[in-house]
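Notes follow once the structure below has been shown.
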Amino acid sequence: MPRLFALVLLAASACTRPTTPDVTYRMFAKAVSDRDPETAWSLLSTESKTWLESRAKDAAAAAPGVVPPDAKHLMFGNAIAGARPVKSVMLLRESPDVAAVKVEVEGQTPQEVQLVREAGFWKVQIPKQP
C-alpha cells in the first residue's frame, strides 16, 4: 500500500510540474493557432497582460464604439487570422527566472522571444511595440 501511495504522489507531481520555456512557447503558439484566447492569455506574463490591457484601452478611446477595450480581443482578434505556423522553437538561454527561445515562423525571419518565470511557471513576454 505505501508503494501505491508513492506512485500516486509521483504521478500527481508529474502532472503539475512546470514545463520548460520552449514547451511553454509551443503551447502558446498552439493556443493562438487553435484560436484559443483563454489558454494563450493564461500563458502570457503579467507584464504583457498589463501592457496589452493598456493598449486596448487606448485603442478603444481612439475609436469609441469601434474597438472594444478588451485586451484579448486586441491581441487575438485580427492577429489570429494572420498567424503563420511555427516551424521551430529552440531554447537559447535559461536562468532561474528568465529564458529566451528562438522562434522560426514560416516566411519570416527567426525572432528571439523572452519568457519569465511567474509563480514557478514560464510565461511568454510579448515584446513591447510603440
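Here, A, B, ... name the chains of the C-alpha cells in the order displayed, residue numbers run from 1 inside each chain, and ligands are numbered from 1 in the same displayed order.
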
*Using the chain letters and numbers from this document, which residues of stretch 40-96 of chain A does DSSP assign to strand (DSSP E), as a ChimeraX atom specification?*
/A:86-94

Env of stretch 88-93 of chain A: 7 Å cut, atoms = only C-alpha atoms, seq-sep filter 5 positions within chain, self excluded. Answer as a PDB file with N, CA, C and O atoms, in the first residue's frame.
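Output contents, as saved in selection36.pdb:
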ATOM      1  N   ASP A  22      10.742  26.436 -23.834  1.00  0.00           N
ATOM      2  CA  ASP A  22      10.402  26.137 -25.229  1.00  0.00           C
ATOM      3  C   ASP A  22       9.052  25.432 -25.341  1.00  0.00           C
ATOM      4  O   ASP A  22       8.260  25.715 -26.240  1.00  0.00           O
ATOM      5  N   ALA A  99      14.236  33.348 -19.545  1.00  0.00           N
ATOM      6  CA  ALA A  99      14.729  32.458 -20.594  1.00  0.00           C
ATOM      7  C   ALA A  99      14.489  33.119 -21.945  1.00  0.00           C
ATOM      8  O   ALA A  99      13.684  34.044 -22.060  1.00  0.00           O
ATOM      9  N   ALA A 100      15.188  32.640 -22.939  1.00  0.00           N
ATOM     10  CA  ALA A 100      14.999  33.130 -24.311  1.00  0.00           C
ATOM     11  C   ALA A 100      14.909  31.931 -25.241  1.00  0.00           C
ATOM     12  O   ALA A 100      15.655  30.961 -25.095  1.00  0.00           O
ATOM     13  N   VAL A 101      13.971  32.013 -26.184  1.00  0.00           N
ATOM     14  CA  VAL A 101      13.832  30.983 -27.200  1.00  0.00           C
ATOM     15  C   VAL A 101      13.934  31.631 -28.573  1.00  0.00           C
ATOM     16  O   VAL A 101      13.591  32.803 -28.743  1.00  0.00           O
ATOM     17  N   LYS A 102      14.420  30.880 -29.528  1.00  0.00           N
ATOM     18  CA  LYS A 102      14.463  31.326 -30.923  1.00  0.00           C
ATOM     19  C   LYS A 102      13.258  30.698 -31.613  1.00  0.00           C
ATOM     20  O   LYS A 102      13.077  29.477 -31.585  1.00  0.00           O
ATOM     21  N   VAL A 103      12.432  31.553 -32.210  1.00  0.00           N
ATOM     22  CA  VAL A 103      11.199  31.094 -32.846  1.00  0.00           C
ATOM     23  C   VAL A 103      11.295  31.320 -34.345  1.00  0.00           C
ATOM     24  O   VAL A 103      11.557  32.433 -34.792  1.00  0.00           O
ATOM     25  N   GLU A 104      11.093  30.251 -35.097  1.00  0.00           N
ATOM     26  CA  GLU A 104      11.062  30.344 -36.553  1.00  0.00           C
ATOM     27  C   GLU A 104       9.630  30.124 -37.020  1.00  0.00           C
ATOM     28  O   GLU A 104       9.010  29.115 -36.697  1.00  0.00           O
TER      29      GLU A 104
END

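One distance worth recording is that between atom CA of A:Val32 and atom CA of A:Arg84, which is 9.8 Å.
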
*Excluding A:Pro85 and any residue of its chain fewer than 2 positions from it, enumerate the residues within 9 Å of it, using only C-alpha atoms, and give them as a ChimeraX atom specification.*
/A:29-30,33,83,87,104-106

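Nearest-residue note for A:Lys123: choosing from A:Val23, A:Ala71, A:Val66, A:Val86, the minimum distance belongs to A:Val23, counting only C-alpha atoms.
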
_Long-range neighbours of A:Pro96 as number ranges by chain, 12 Å cut-off, only C-alpha atoms, 3 positions minimum in chain_ = A: 20-21, 93, 99-100, 115-122

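For stretch 39-53 of chain A, the non-local neighbours within 6 Å, defined as residues at least 3 positions apart in the same chain or in other chains and counting only C-alpha atoms, are A:Phe28, A:Ala31, A:Asp36, A:Ala56, A:Ala71, A:Lys123, A:Val124, A:Gln125, A:Ile126.
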
Could you take the residues named above and write them with C-alpha atoms, as a PDB file, in the first residue's frame?
ATOM      1  CA  PHE A  28       1.242  29.467 -26.533  1.00  0.00           C
ATOM      2  CA  ALA A  31      -3.322  28.134 -28.488  1.00  0.00           C
ATOM      3  CA  ASP A  36      -7.979  29.610 -28.027  1.00  0.00           C
ATOM      4  CA  ALA A  56      -6.668  48.041 -25.621  1.00  0.00           C
ATOM      5  CA  ALA A  71      -7.067  43.131 -24.355  1.00  0.00           C
ATOM      6  CA  LYS A 123       5.169  32.851 -19.189  1.00  0.00           C
ATOM      7  CA  VAL A 124       5.624  34.440 -22.623  1.00  0.00           C
ATOM      8  CA  GLN A 125       6.822  38.043 -22.571  1.00  0.00           C
ATOM      9  CA  ILE A 126       5.434  39.965 -25.544  1.00  0.00           C
TER      10      ILE A 126
END
